[in-house]
$ cat input.cif   # mmCIF, C-alpha atoms and all ligand atoms
data_data
loop_
_atom_site.label_atom_id
_atom_site.label_comp_id
_atom_site.auth_asym_id
_atom_site.auth_seq_id
_atom_site.Cartn_x
_atom_site.Cartn_y
_atom_site.Cartn_z
CA SER C 5 -6.11 -11.20 -26.74
CA GLU C 6 -6.29 -7.57 -27.92
CA HIS C 7 -4.70 -6.29 -24.71
CA PRO C 8 -0.92 -5.78 -24.64
CA LEU C 9 1.22 -7.87 -22.30
CA ILE C 10 2.76 -5.58 -19.65
CA LEU C 11 5.80 -6.32 -17.49
CA GLY C 12 5.59 -4.38 -14.21
CA ILE C 13 8.55 -3.60 -11.94
CA GLU C 14 8.17 -2.29 -8.38
CA THR C 15 11.04 -1.33 -6.03
CA SER C 16 9.77 1.68 -4.05
CA CYS C 17 10.37 0.21 -0.60
CA ASP C 18 11.53 -3.22 0.59
CA GLU C 19 9.77 -5.47 -1.93
CA THR C 20 11.26 -6.32 -5.32
CA GLY C 21 8.06 -6.99 -7.24
CA VAL C 22 7.68 -8.19 -10.82
CA GLY C 23 4.31 -8.77 -12.46
CA LEU C 24 2.87 -9.76 -15.82
CA VAL C 25 -0.59 -8.48 -16.72
CA ARG C 26 -2.80 -8.49 -19.81
CA GLY C 27 -5.78 -6.15 -19.36
CA CYS C 28 -7.40 -7.23 -16.08
CA GLU C 29 -5.77 -10.67 -16.26
CA LEU C 30 -2.95 -11.52 -13.84
CA LEU C 31 -0.40 -13.80 -15.51
CA GLY C 32 2.58 -13.58 -13.17
CA ASP C 33 3.41 -12.08 -9.77
CA GLU C 34 6.69 -12.72 -7.97
CA VAL C 35 7.97 -10.80 -4.96
CA ALA C 36 11.34 -10.94 -3.19
CA SER C 37 11.23 -9.14 0.16
CA SER C 38 14.11 -7.79 2.23
CA VAL C 39 11.84 -7.37 5.28
CA ASP C 40 13.89 -9.86 7.34
CA GLN C 41 17.02 -7.74 6.83
CA HIS C 42 15.25 -4.70 8.33
CA ALA C 43 13.56 -6.42 11.27
CA ARG C 44 16.32 -5.79 13.80
CA PHE C 45 16.25 -2.06 12.97
CA GLY C 46 12.48 -1.81 13.52
CA GLY C 47 11.99 -0.15 10.12
CA VAL C 48 13.21 -0.18 6.53
CA VAL C 49 16.88 0.83 6.10
CA PRO C 50 17.09 2.50 2.65
CA GLU C 51 20.66 1.42 1.82
CA VAL C 52 19.91 -2.19 2.73
CA ALA C 53 16.74 -2.11 0.62
CA SER C 54 18.59 -0.75 -2.45
CA ARG C 55 21.24 -3.45 -2.31
CA ALA C 56 18.63 -6.16 -1.88
CA HIS C 57 16.73 -4.88 -4.96
CA LEU C 58 19.91 -5.01 -7.01
CA GLU C 59 20.52 -8.65 -6.04
CA ALA C 60 16.90 -9.76 -6.44
CA MET C 61 15.94 -7.94 -9.66
CA ILE C 62 17.13 -10.25 -12.45
CA PRO C 63 16.25 -13.53 -10.67
CA THR C 64 12.78 -12.20 -9.87
CA VAL C 65 12.14 -11.17 -13.49
CA ARG C 66 13.31 -14.63 -14.64
CA ARG C 67 11.08 -16.38 -12.10
CA THR C 68 8.07 -14.33 -13.18
CA LEU C 69 8.53 -15.15 -16.88
CA ASP C 70 9.15 -18.84 -16.11
CA SER C 71 6.18 -19.29 -13.79
CA ALA C 72 3.87 -17.51 -16.25
CA GLY C 73 5.25 -19.52 -19.17
CA VAL C 74 5.86 -16.27 -21.06
CA GLU C 75 8.69 -15.65 -23.53
CA LYS C 76 10.43 -12.31 -23.06
CA ASP C 77 9.72 -11.40 -26.69
CA ASP C 78 5.97 -11.58 -25.97
CA ILE C 79 6.23 -8.52 -23.68
CA ASP C 80 4.65 -5.45 -25.29
CA ALA C 81 5.62 -2.74 -22.77
CA VAL C 82 7.50 -2.24 -19.49
CA ALA C 83 5.92 -0.31 -16.60
CA VAL C 84 7.91 0.77 -13.55
CA THR C 85 7.33 2.67 -10.31
CA ALA C 86 8.81 6.16 -10.78
CA GLY C 87 7.72 7.26 -7.27
CA PRO C 88 6.87 7.95 -4.55
CA GLY C 89 9.31 5.86 -2.53
CA LEU C 90 12.91 5.57 -1.33
CA ALA C 91 15.36 7.29 -3.70
CA GLY C 92 17.94 4.54 -4.05
CA ALA C 93 15.34 1.79 -4.16
CA LEU C 94 13.37 3.51 -6.94
CA LEU C 95 16.55 4.04 -8.91
CA VAL C 96 17.28 0.30 -9.05
CA GLY C 97 13.83 -0.47 -10.47
CA VAL C 98 13.83 2.37 -12.98
CA SER C 99 17.33 1.49 -14.20
CA ALA C 100 16.38 -2.16 -14.63
CA ALA C 101 13.13 -1.24 -16.43
CA LYS C 102 15.05 0.98 -18.86
CA ALA C 103 17.47 -1.84 -19.59
CA TYR C 104 14.65 -4.34 -20.24
CA ALA C 105 12.74 -1.83 -22.42
CA MET C 106 15.86 -1.11 -24.48
CA ALA C 107 16.88 -4.76 -24.81
CA LEU C 108 13.36 -5.78 -25.87
CA GLY C 109 12.82 -2.72 -28.05
CA LYS C 110 9.53 -2.00 -26.25
CA PRO C 111 8.14 1.24 -24.71
CA LEU C 112 8.78 2.21 -21.09
CA TYR C 113 6.11 3.73 -18.82
CA GLY C 114 6.96 5.32 -15.45
CA VAL C 115 3.90 5.15 -13.18
CA ASN C 116 2.78 6.24 -9.72
CA HIS C 117 3.05 3.68 -6.91
CA LEU C 118 -0.04 4.96 -5.04
CA VAL C 119 -2.27 4.68 -8.10
CA GLY C 120 -0.85 1.19 -8.68
CA HIS C 121 -2.26 0.16 -5.28
CA VAL C 122 -5.72 1.09 -6.63
CA ALA C 123 -5.27 -0.36 -10.16
CA VAL C 124 -4.39 -3.78 -8.76
CA ASP C 125 -7.98 -4.23 -7.61
CA GLN C 126 -8.99 -4.70 -11.27
CA LEU C 127 -7.01 -7.96 -11.33
CA GLU C 128 -9.31 -9.35 -8.65
CA HIS C 129 -12.67 -7.60 -9.11
CA GLY C 130 -12.62 -6.49 -12.76
CA PRO C 131 -12.86 -2.94 -14.17
CA LEU C 132 -13.12 -0.30 -11.45
CA PRO C 133 -16.32 1.79 -11.60
CA LYS C 134 -15.66 5.49 -12.25
CA PRO C 135 -15.36 7.47 -10.12
CA ALA C 136 -14.12 5.59 -7.05
CA ILE C 137 -12.60 6.60 -3.73
CA ALA C 138 -9.42 4.79 -2.62
CA LEU C 139 -8.03 4.52 0.89
CA LEU C 140 -4.36 3.50 0.80
CA VAL C 141 -2.96 2.37 4.11
CA SER C 142 0.52 0.86 4.44
CA GLY C 143 3.79 1.31 6.26
CA GLY C 144 4.65 4.17 3.91
CA HIS C 145 1.34 5.84 3.08
CA THR C 146 -2.06 6.89 4.33
CA SER C 147 -3.87 8.53 1.42
CA LEU C 148 -7.42 9.20 0.35
CA LEU C 149 -7.76 9.48 -3.43
CA LEU C 150 -10.61 10.42 -5.73
CA VAL C 151 -10.09 8.21 -8.78
CA ASN C 152 -11.91 9.59 -11.82
CA ASP C 153 -9.66 7.64 -14.21
CA LEU C 154 -6.72 5.43 -13.21
CA ALA C 155 -4.50 6.59 -16.10
CA THR C 156 -5.35 10.26 -16.35
CA ASP C 157 -7.33 11.71 -13.46
CA VAL C 158 -6.59 10.94 -9.81
CA VAL C 159 -7.04 13.65 -7.17
CA SER C 160 -5.48 13.50 -3.71
CA LEU C 161 -8.11 14.39 -1.07
CA GLY C 162 -5.98 13.87 2.02
CA ASP C 163 -2.90 12.32 3.54
CA THR C 164 -1.28 11.71 6.88
CA VAL C 165 0.36 14.79 8.36
CA ASP C 166 2.80 12.64 10.38
CA ASP C 167 3.07 8.84 10.69
CA ALA C 168 1.55 6.47 8.13
CA ALA C 169 -1.10 4.11 9.51
CA GLY C 170 1.15 1.05 9.23
CA GLU C 171 4.03 3.00 10.73
CA ALA C 172 1.79 3.78 13.74
CA TYR C 173 1.02 0.05 14.10
CA ASP C 174 4.73 -0.76 13.90
CA LYS C 175 5.73 1.91 16.45
CA VAL C 176 3.02 0.93 18.92
CA ALA C 177 3.94 -2.75 18.48
CA ARG C 178 7.48 -1.82 19.41
CA LEU C 179 6.24 -0.05 22.58
CA LEU C 180 4.39 -3.25 23.44
CA GLU C 181 7.52 -5.33 22.69
CA LEU C 182 5.88 -7.14 19.78
CA PRO C 183 7.98 -8.15 16.72
CA TYR C 184 8.36 -6.07 13.52
CA PRO C 185 6.32 -5.57 11.42
CA GLY C 186 3.85 -5.13 14.23
CA GLY C 187 0.52 -4.73 12.40
CA PRO C 188 -0.43 -8.42 12.29
CA HIS C 189 0.63 -8.89 15.94
CA ILE C 190 -1.53 -5.99 17.15
CA ASP C 191 -4.39 -7.26 14.99
CA ARG C 192 -4.14 -10.69 16.67
CA ALA C 193 -3.66 -9.33 20.22
CA ALA C 194 -6.63 -6.99 19.84
CA ARG C 195 -9.01 -9.90 19.21
CA SER C 196 -8.88 -10.90 22.89
CA GLY C 197 -8.97 -7.31 24.19
CA SER C 198 -11.67 -4.76 24.85
CA ALA C 199 -11.54 -1.56 22.79
CA SER C 200 -13.62 0.28 25.39
CA ALA C 201 -11.28 -0.60 28.29
CA LEU C 202 -9.22 2.48 27.37
CA ARG C 203 -9.90 5.57 25.34
CA PHE C 204 -7.13 6.90 23.11
CA PRO C 205 -7.37 10.13 21.08
CA ARG C 206 -8.74 10.12 17.54
CA GLY C 207 -6.36 12.27 15.48
CA LYS C 208 -7.95 14.95 13.26
CA TRP C 209 -11.42 13.56 14.04
CA GLY C 210 -14.14 15.81 12.61
CA ASP C 211 -11.68 18.55 11.56
CA GLY C 212 -13.37 18.95 8.17
CA THR C 213 -10.35 17.65 6.22
CA TYR C 214 -9.45 14.26 4.75
CA ASP C 215 -6.07 14.34 6.43
CA PHE C 216 -4.94 11.93 9.14
CA SER C 217 -2.65 12.11 12.16
CA PHE C 218 -1.38 9.18 14.22
CA SER C 219 1.54 10.59 16.20
CA GLY C 220 -0.68 11.89 19.05
CA LEU C 221 -2.22 8.44 19.37
CA LYS C 222 1.22 6.81 19.47
CA THR C 223 2.31 9.28 22.18
CA ALA C 224 -0.84 8.52 24.20
CA VAL C 225 -0.07 4.79 24.08
CA ALA C 226 3.56 5.48 25.07
CA ARG C 227 2.39 7.58 28.04
CA HIS C 228 -0.04 4.87 29.12
CA VAL C 229 2.75 2.25 29.03
CA GLU C 230 5.15 4.51 30.98
CA GLU C 231 2.57 5.26 33.67
CA ALA C 232 1.73 1.58 34.07
CA ASP C 233 5.47 0.84 34.41
CA ARG C 234 5.92 3.57 37.02
CA SER C 235 2.91 2.63 39.12
CA GLY C 236 3.59 -1.09 38.77
CA SER C 237 0.06 -1.73 37.55
CA PRO C 238 -0.28 -4.62 35.12
CA LEU C 239 -0.36 -3.81 31.41
CA VAL C 240 -3.24 -5.46 29.62
CA LEU C 241 -1.64 -5.76 26.21
CA ALA C 242 -4.79 -7.00 24.49
CA ASP C 243 -6.81 -4.00 25.71
CA ILE C 244 -4.14 -1.50 24.63
CA ALA C 245 -3.93 -3.15 21.20
CA ALA C 246 -7.72 -3.14 20.85
CA ALA C 247 -8.14 0.50 21.95
CA PHE C 248 -5.28 1.67 19.72
CA GLN C 249 -6.67 -0.23 16.74
CA ASP C 250 -10.18 1.07 17.40
CA SER C 251 -8.91 4.65 17.21
CA VAL C 252 -7.07 4.01 13.93
CA VAL C 253 -9.82 2.15 12.08
CA ASP C 254 -12.58 4.46 13.34
CA VAL C 255 -10.95 7.54 11.80
CA LEU C 256 -9.87 5.74 8.60
CA THR C 257 -13.30 4.32 7.82
CA ARG C 258 -15.19 7.46 8.87
CA LYS C 259 -13.17 9.74 6.57
CA ALA C 260 -13.22 7.25 3.68
CA VAL C 261 -17.01 6.89 3.83
CA ASP C 262 -17.45 10.66 4.22
CA ALA C 263 -15.32 11.18 1.09
CA CYS C 264 -17.58 8.79 -0.85
CA VAL C 265 -20.76 10.49 0.35
CA GLU C 266 -19.50 14.03 -0.23
CA ASN C 267 -18.33 13.22 -3.77
CA GLY C 268 -21.36 11.11 -4.68
CA VAL C 269 -19.12 8.03 -5.16
CA ARG C 270 -20.56 4.49 -4.79
CA THR C 271 -17.29 2.48 -4.73
CA LEU C 272 -14.55 2.39 -2.09
CA VAL C 273 -11.26 0.54 -2.60
CA ILE C 274 -9.05 -0.14 0.42
CA SER C 275 -5.51 -1.26 -0.35
CA GLY C 276 -2.00 -1.34 1.14
CA GLY C 277 -0.61 -3.66 3.81
CA VAL C 278 -2.93 -2.40 6.58
CA ALA C 279 -5.94 -3.40 4.41
CA ALA C 280 -5.24 -6.91 5.76
CA ASN C 281 -6.37 -5.67 9.20
CA SER C 282 -9.42 -7.58 10.38
CA ALA C 283 -10.94 -4.70 12.38
CA LEU C 284 -10.51 -2.28 9.45
CA ARG C 285 -12.20 -4.74 7.07
CA ALA C 286 -15.09 -5.39 9.48
CA LEU C 287 -15.80 -1.73 10.26
CA ALA C 288 -15.43 -0.68 6.61
CA GLU C 289 -17.88 -3.43 5.57
CA GLN C 290 -20.38 -2.27 8.17
CA ARG C 291 -20.14 1.44 7.38
CA CYS C 292 -20.14 0.92 3.58
CA ALA C 293 -23.23 -1.29 3.85
CA GLU C 294 -24.98 1.40 5.91
CA ALA C 295 -24.11 4.06 3.31
CA GLY C 296 -24.91 1.88 0.26
CA ILE C 297 -21.29 1.86 -0.93
CA GLU C 298 -19.64 -1.10 -2.69
CA LEU C 299 -16.44 -2.04 -0.81
CA ARG C 300 -13.56 -3.56 -2.73
CA VAL C 301 -10.54 -4.94 -0.87
CA PRO C 302 -8.03 -6.92 -2.95
CA ARG C 303 -6.66 -10.12 -1.39
CA PRO C 304 -3.73 -9.47 1.00
CA ARG C 305 -1.14 -10.69 -1.49
CA LEU C 306 -2.21 -7.93 -3.91
CA CYS C 307 -2.62 -5.27 -1.18
CA THR C 308 1.04 -5.31 -0.23
CA ASP C 309 3.69 -3.97 -2.61
CA ASN C 310 4.04 -6.07 -5.76
CA GLY C 311 4.87 -5.80 -9.47
CA ALA C 312 1.41 -6.82 -10.70
CA MET C 313 -0.05 -3.54 -9.41
CA ILE C 314 2.44 -1.61 -11.54
CA ALA C 315 1.70 -3.78 -14.58
CA ALA C 316 -2.05 -3.30 -13.96
CA LEU C 317 -1.62 0.48 -13.98
CA GLY C 318 0.73 0.27 -17.00
CA SER C 319 -2.04 -1.56 -18.81
CA GLU C 320 -4.43 1.36 -18.13
CA VAL C 321 -1.84 3.92 -19.24
CA VAL C 322 -1.24 2.09 -22.52
CA ALA C 323 -5.00 1.68 -23.09
CA ALA C 324 -5.46 5.43 -22.52
CA GLY C 325 -2.96 6.09 -25.31
CA LEU C 326 -0.58 8.10 -23.15
CA PRO C 327 2.93 8.58 -24.59
CA PRO C 328 5.77 6.37 -23.27
CA SER C 329 8.31 7.82 -20.86
CA PRO C 330 11.65 8.97 -22.25
CA LEU C 331 14.62 6.71 -21.58
CA ASP C 332 16.05 9.40 -19.30
CA LEU C 333 13.00 8.94 -17.03
CA GLY C 334 13.87 10.05 -13.52
CA THR C 335 12.59 9.04 -10.10
CA ASP C 336 10.64 11.25 -7.70
CA THR C 337 10.59 10.31 -4.01
CA SER C 338 7.40 12.35 -3.49
CA LEU C 339 5.77 11.93 -6.92
CA PRO C 340 2.25 13.41 -6.79
CA VAL C 341 -0.70 11.39 -8.14
O1 LIG C 401 2.01 -2.45 1.93
P1 LIG C 401 3.03 -2.97 2.88
O2 LIG C 401 3.36 -4.44 2.84
O3 LIG C 401 4.40 -2.22 2.71
C1 LIG C 401 4.52 -0.85 2.68
O4 LIG C 401 4.61 -0.27 3.77
O5 LIG C 401 4.51 -0.26 1.57
O6 LIG C 401 2.53 -2.56 4.33
C2 LIG C 401 3.23 -2.96 5.47
C3 LIG C 401 2.52 -2.40 6.68
C4 LIG C 401 3.31 -2.60 7.97
O7 LIG C 401 3.33 -1.39 8.66
C5 LIG C 401 2.50 -3.66 8.71
O8 LIG C 401 2.61 -3.56 10.11
C6 LIG C 401 1.10 -3.36 8.23
O9 LIG C 401 1.25 -3.05 6.86
N1 LIG C 401 0.20 -4.50 8.37
C7 LIG C 401 -0.88 -4.51 9.19
C8 LIG C 401 -1.47 -5.79 9.10
N2 LIG C 401 -0.73 -6.53 8.22
C9 LIG C 401 0.27 -5.72 7.77
N3 LIG C 401 -1.37 -3.54 9.98
C10 LIG C 401 -2.47 -3.84 10.69
N4 LIG C 401 -3.08 -5.03 10.68
C11 LIG C 401 -2.62 -6.05 9.90
N5 LIG C 401 -3.25 -7.23 9.89
ZN ZN C 402 2.93 0.63 -1.21
#

$ encode --input "input.cif" --output "structure tokens" --more "lines below"
Ligand code: KG4
Ligand code: ZN
Amino acid sequence: SEHPLILGIETSCDETGVGLVRGCELLGDEVASSVDQHARFGGVVPEVASRAHLEAMIPTVRRTLDSAGVEKDDIDAVAVTAGPGLAGALLVGVSAAKAYAMALGKPLYGVNHLVGHVAVDQLEHGPLPKPAIALLVSGGHTSLLLVNDLATDVVSLGDTVDDAAGEAYDKVARLLELPYPGGPHIDRAARSGSASALRFPRGKWGDGTYDFSFSGLKTAVARHVEEADRSGSPLVLADIAAAFQDSVVDVLTRKAVDACVENGVRTLVISGGVAANSALRALAEQRCAEAGIELRVPRPRLCTDNGAMIAALGSEVVAAGLPPSPLDLGTDTSLPV
């Protein structure tokens, strides 16, 4: 194949991800997660995540090469998440990537984690039409991006001003005494509830921006739970989950479709852990169909943090002829797109 073989390394949060990609072809994808070590804290503990990356890194690289049947000398370049993410966690991945690049004598490319979440779609659905709009929703981010070119031209249209969408799911799940991470539990509970039984606020609805806000919604759910406790009235968990979820997915899909229409874009990509949400997928499908927009949602395995997404973006960066990163490449916890 004429495309170079890219090793991708991802350590921005609690997943040690290693991927092997050639062009739009996925050759290897192994992930070691420390999520179980964070569960009792109800959120990711940075120090715990960094240590887990350090332990998992070399075995995960080995496993990826073995399962793909690839010799290390076949690797043409190493791509790594330079940010955004947790400082210590990023540092483990970048340090490892530098070591591999040096040992193999191959170029190193530091890339943006958020853009990686978009690039990964090419491994499932082929080359991304240009331009595209991307909605990234996970425990760490809620971003709307205008993607003119994956390697060279991505514009941030909006972001959350407080909690990330997945973080809101996790915090509300905690209020409802559901396990961490709470997104899948709320998703499941909501299926037997009625979204119209309660009405929760829709943050930054119709404010003319592409920003999001979920902390007011979380507070409204907390107040509802407290009042039910005080008055002794029964809590209908399924209805709360459904009404909460309805508020989140209504605003997310509305702003994403508006961004497509306003920018004359015909393709929407939704990625990140919350893209697994059944209500988000259903409403996005409906609204995209109404607006004549092609909706692309990678399979859940590719939506959550992984190394293949970083290799997929590395592949684009190499194809665009961008220069490699210096070996003193740093990390940036709030790296812009
Ligand atoms: O992308 P991800 O695995 O990790 C990062 O945060 O980067 O996303 C995890 C987030 C968690 O907040 C989790 O609760 C949420 O994705 N999530 C969901 C669903 N599955 C995972 N949220 C809503 N519905 C789901 N089905
Ligand atoms: Zn992510």

$ residues_near_point --input "input.cif" --point "(-20.6, -1.4, 0.1)" --cutoff "12 Å" --atoms "all atoms listed in the file" --output "ChimeraX atom specification"
/C:136-137,260-261,264-265,269-274,285-301

$ residues_around --input "input.cif" --residues "segment 20-26 of chain C" --least-positions-apart "3" --cutoff "8 Å" --atoms "all atoms listed in the file" --output "PyMOL selection string"
chain C and resi 7-15+29-37+57+60-61+64-65+68-69+72+309-316+319

$ write_last_selection --input "input.cif" --atoms "C-alpha atoms" --output "CSV table (one decimal), keeping the file's coordinate frame"
chain,number,residue,atom,x,y,z
C,7,HIS,CA,-4.7,-6.3,-24.7
C,8,PRO,CA,-0.9,-5.8,-24.6
C,9,LEU,CA,1.2,-7.9,-22.3
C,10,ILE,CA,2.8,-5.6,-19.6
C,11,LEU,CA,5.8,-6.3,-17.5
C,12,GLY,CA,5.6,-4.4,-14.2
C,13,ILE,CA,8.6,-3.6,-11.9
C,14,GLU,CA,8.2,-2.3,-8.4
C,15,THR,CA,11.0,-1.3,-6.0
C,29,GLU,CA,-5.8,-10.7,-16.3
C,30,LEU,CA,-3.0,-11.5,-13.8
C,31,LEU,CA,-0.4,-13.8,-15.5
C,32,GLY,CA,2.6,-13.6,-13.2
C,33,ASP,CA,3.4,-12.1,-9.8
C,34,GLU,CA,6.7,-12.7,-8.0
C,35,VAL,CA,8.0,-10.8,-5.0
C,36,ALA,CA,11.3,-10.9,-3.2
C,37,SER,CA,11.2,-9.1,0.2
C,57,HIS,CA,16.7,-4.9,-5.0
C,60,ALA,CA,16.9,-9.8,-6.4
C,61,MET,CA,15.9,-7.9,-9.7
C,64,THR,CA,12.8,-12.2,-9.9
C,65,VAL,CA,12.1,-11.2,-13.5
C,68,THR,CA,8.1,-14.3,-13.2
C,69,LEU,CA,8.5,-15.2,-16.9
C,72,ALA,CA,3.9,-17.5,-16.2
C,309,ASP,CA,3.7,-4.0,-2.6
C,310,ASN,CA,4.0,-6.1,-5.8
C,311,GLY,CA,4.9,-5.8,-9.5
C,312,ALA,CA,1.4,-6.8,-10.7
C,313,MET,CA,0.0,-3.5,-9.4
C,314,ILE,CA,2.4,-1.6,-11.5
C,315,ALA,CA,1.7,-3.8,-14.6
C,316,ALA,CA,-2.0,-3.3,-14.0
C,319,SER,CA,-2.0,-1.6,-18.8

$ residues_around --input "input.cif" --residues "Leu239 of chain C" --least-positions-apart "6" --cutoff "12 Å" --atoms "only C-alpha atoms" --output "PyMOL selection string"
chain C and resi 179-181+197+201-202+225-226+228-233+245

$ closest_atom_pairs --input "input.cif" --of "chain C" --to "ligand LIG 401 (chain C)" --cutoff "7 Å" --atoms "only C-alpha atoms and all ligand atoms" --output "Markdown table"
| residue | atom | partner | partner_atom | distance |
| --- | --- | --- | --- | --- |
| C:Cys17 | CA | C:LIG401 | O5 | 6.3 |
| C:Ser142 | CA | C:LIG401 | O6 | 4.0 |
| C:Gly143 | CA | C:LIG401 | O4 | 3.1 |
| C:Gly144 | CA | C:LIG401 | O4 | 4.4 |
| C:His145 | CA | C:LIG401 | O4 | 7.0 |
| C:Gly170 | CA | C:LIG401 | O7 | 3.3 |
| C:Glu171 | CA | C:LIG401 | O7 | 4.9 |
| C:Tyr173 | CA | C:LIG401 | O8 | 5.6 |
| C:Asp174 | CA | C:LIG401 | O8 | 5.2 |
| C:Pro185 | CA | C:LIG401 | O8 | 4.4 |
| C:Gly186 | CA | C:LIG401 | O8 | 4.6 |
| C:Gly187 | CA | C:LIG401 | N3 | 3.3 |
| C:Pro188 | CA | C:LIG401 | N5 | 3.9 |
| C:Ile190 | CA | C:LIG401 | N4 | 6.7 |
| C:Asp191 | CA | C:LIG401 | N4 | 5.0 |
| C:Gly276 | CA | C:LIG401 | O1 | 4.2 |
| C:Gly277 | CA | C:LIG401 | O6 | 3.4 |
| C:Val278 | CA | C:LIG401 | N3 | 3.9 |
| C:Ala279 | CA | C:LIG401 | C8 | 6.9 |
| C:Ala280 | CA | C:LIG401 | N5 | 4.6 |
| C:Asn281 | CA | C:LIG401 | N5 | 3.6 |
| C:Ser282 | CA | C:LIG401 | N5 | 6.2 |
| C:Cys307 | CA | C:LIG401 | O1 | 6.2 |
| C:Thr308 | CA | C:LIG401 | O1 | 3.7 |
| C:Asp309 | CA | C:LIG401 | O1 | 5.1 |

$ residues_near_point --input "input.cif" --point "(-8.6, -3.0, -10.1)" --cutoff "9 Å" --atoms "all atoms listed in the file" --output "list in words"
Cys28, Gly120, His121, Val122, Ala123, Val124, Asp125, Gln126, Leu127, Glu128, His129, Gly130, Pro131, Leu132, Val273, Arg300, Pro302, Met313, Ala316 and Leu317 of chain C

$ atom_distance --input "input.cif" --atom1 "atom CA of Pro111 of chain C" --atom2 "atom CA of Val96 of chain C"
18.2 Å

$ atom_distance --input "input.cif" --atom1 "atom CA of Arg206 of chain C" --atom2 "atom CA of Leu284 of chain C"
14.9 Å

$ residues_around --input "input.cif" --residues "Ser16 of chain C" --least-positions-apart "4" --cutoff "7 Å" --atoms "all atoms listed in the file" --output "PyMOL selection string"
chain C and resi 85+87-90+93-94

$ write_last_selection --input "input.cif" --atoms "C-alpha atoms" --output "CSV table (one decimal), in the frame of the given file"
chain,number,residue,atom,x,y,z
C,85,THR,CA,7.3,2.7,-10.3
C,87,GLY,CA,7.7,7.3,-7.3
C,88,PRO,CA,6.9,8.0,-4.6
C,89,GLY,CA,9.3,5.9,-2.5
C,90,LEU,CA,12.9,5.6,-1.3
C,93,ALA,CA,15.3,1.8,-4.2
C,94,LEU,CA,13.4,3.5,-6.9

$ atom_distance --input "input.cif" --atom1 "atom CA of Ser200 of chain C" --atom2 "atom CA of Asp163 of chain C"
27.2 Å

$ residues_around --input "input.cif" --residues "Ala172 of chain C" --least-positions-apart "2" --cutoff "9 Å" --atoms "only C-alpha atoms" --output "compact mmCIF listing (two decimals) with C-alpha atoms, in the frame of the given file"
# COMPACT_ATOMS: atom_id res chain seq x y z
CA GLY C 143 3.79 1.31 6.26
CA ASP C 167 3.07 8.84 10.69
CA ALA C 168 1.55 6.47 8.13
CA ALA C 169 -1.10 4.11 9.51
CA GLY C 170 1.15 1.05 9.23
CA ASP C 174 4.73 -0.76 13.90
CA LYS C 175 5.73 1.91 16.45
CA VAL C 176 3.02 0.93 18.92
CA ALA C 177 3.94 -2.75 18.48
CA GLY C 187 0.52 -4.73 12.40
CA PHE C 218 -1.38 9.18 14.22
CA SER C 219 1.54 10.59 16.20
CA LEU C 221 -2.22 8.44 19.37
CA LYS C 222 1.22 6.81 19.47
CA VAL C 252 -7.07 4.01 13.93

$ closest_residue --input "input.cif" --among "C:Ala100, C:Gly318, C:Ser275, C:Val84" --to "Arg303 of chain C" --atoms "all atoms listed in the file"
C:Ser275

$ closest_residue --input "input.cif" --among "C:Ser217, C:Thr223, C:Ser38, C:Asn116" --to "ligand ZN 402 (chain C)" --atoms "only C-alpha atoms and all ligand atoms"
C:Asn116

$ axis_aligned_box --input "input.cif" --around "segment 282-292 of chain C" --padding-each-side "3 Å" --output "AutoDock Vina command-line options"
--center_x -14.9 --center_y -3.1 --center_z 8.0 --size_x 17.0 --size_y 15.0 --size_z 14.8

$ closest_residue --input "input.cif" --among "C:Ala199, C:Thr146, C:Ala246, C:Val39" --to "ligand ZN 402 (chain C)" --atoms "only C-alpha atoms and all ligand atoms"
C:Thr146

$ build_atoms --input "input.cif" --residues "segment 16-24 of chain C" --atoms "N, CA and C atoms" --output "PDB file, keeping the file's coordinate frame"
ATOM      1  N   SER C  16       9.803   0.408  -4.786  1.00  0.00           N
ATOM      2  CA  SER C  16       9.770   1.680  -4.050  1.00  0.00           C
ATOM      3  C   SER C  16      10.167   1.576  -2.587  1.00  0.00           C
ATOM      4  N   CYS C  17      10.047   0.359  -2.028  1.00  0.00           N
ATOM      5  CA  CYS C  17      10.370   0.210  -0.600  1.00  0.00           C
ATOM      6  C   CYS C  17      11.217  -1.041  -0.394  1.00  0.00           C
ATOM      7  N   ASP C  18      10.708  -2.036   0.297  1.00  0.00           N
ATOM      8  CA  ASP C  18      11.530  -3.220   0.590  1.00  0.00           C
ATOM      9  C   ASP C  18      11.112  -4.466  -0.165  1.00  0.00           C
ATOM     10  N   GLU C  19      10.177  -4.322  -1.131  1.00  0.00           N
ATOM     11  CA  GLU C  19       9.770  -5.470  -1.930  1.00  0.00           C
ATOM     12  C   GLU C  19      10.223  -5.298  -3.375  1.00  0.00           C
ATOM     13  N   THR C  20      10.956  -6.299  -3.900  1.00  0.00           N
ATOM     14  CA  THR C  20      11.260  -6.320  -5.320  1.00  0.00           C
ATOM     15  C   THR C  20      10.117  -7.077  -5.973  1.00  0.00           C
ATOM     16  N   GLY C  21       9.243  -6.352  -6.673  1.00  0.00           N
ATOM     17  CA  GLY C  21       8.060  -6.990  -7.240  1.00  0.00           C
ATOM     18  C   GLY C  21       8.105  -6.972  -8.753  1.00  0.00           C
ATOM     19  N   VAL C  22       7.772  -8.112  -9.363  1.00  0.00           N
ATOM     20  CA  VAL C  22       7.680  -8.190 -10.820  1.00  0.00           C
ATOM     21  C   VAL C  22       6.351  -8.854 -11.172  1.00  0.00           C
ATOM     22  N   GLY C  23       5.611  -8.231 -12.082  1.00  0.00           N
ATOM     23  CA  GLY C  23       4.310  -8.770 -12.460  1.00  0.00           C
ATOM     24  C   GLY C  23       4.125  -8.801 -13.955  1.00  0.00           C
ATOM     25  N   LEU C  24       3.261  -9.681 -14.405  1.00  0.00           N
ATOM     26  CA  LEU C  24       2.870  -9.760 -15.820  1.00  0.00           C
ATOM     27  C   LEU C  24       1.360  -9.687 -15.892  1.00  0.00           C
TER      28      LEU C  24
END
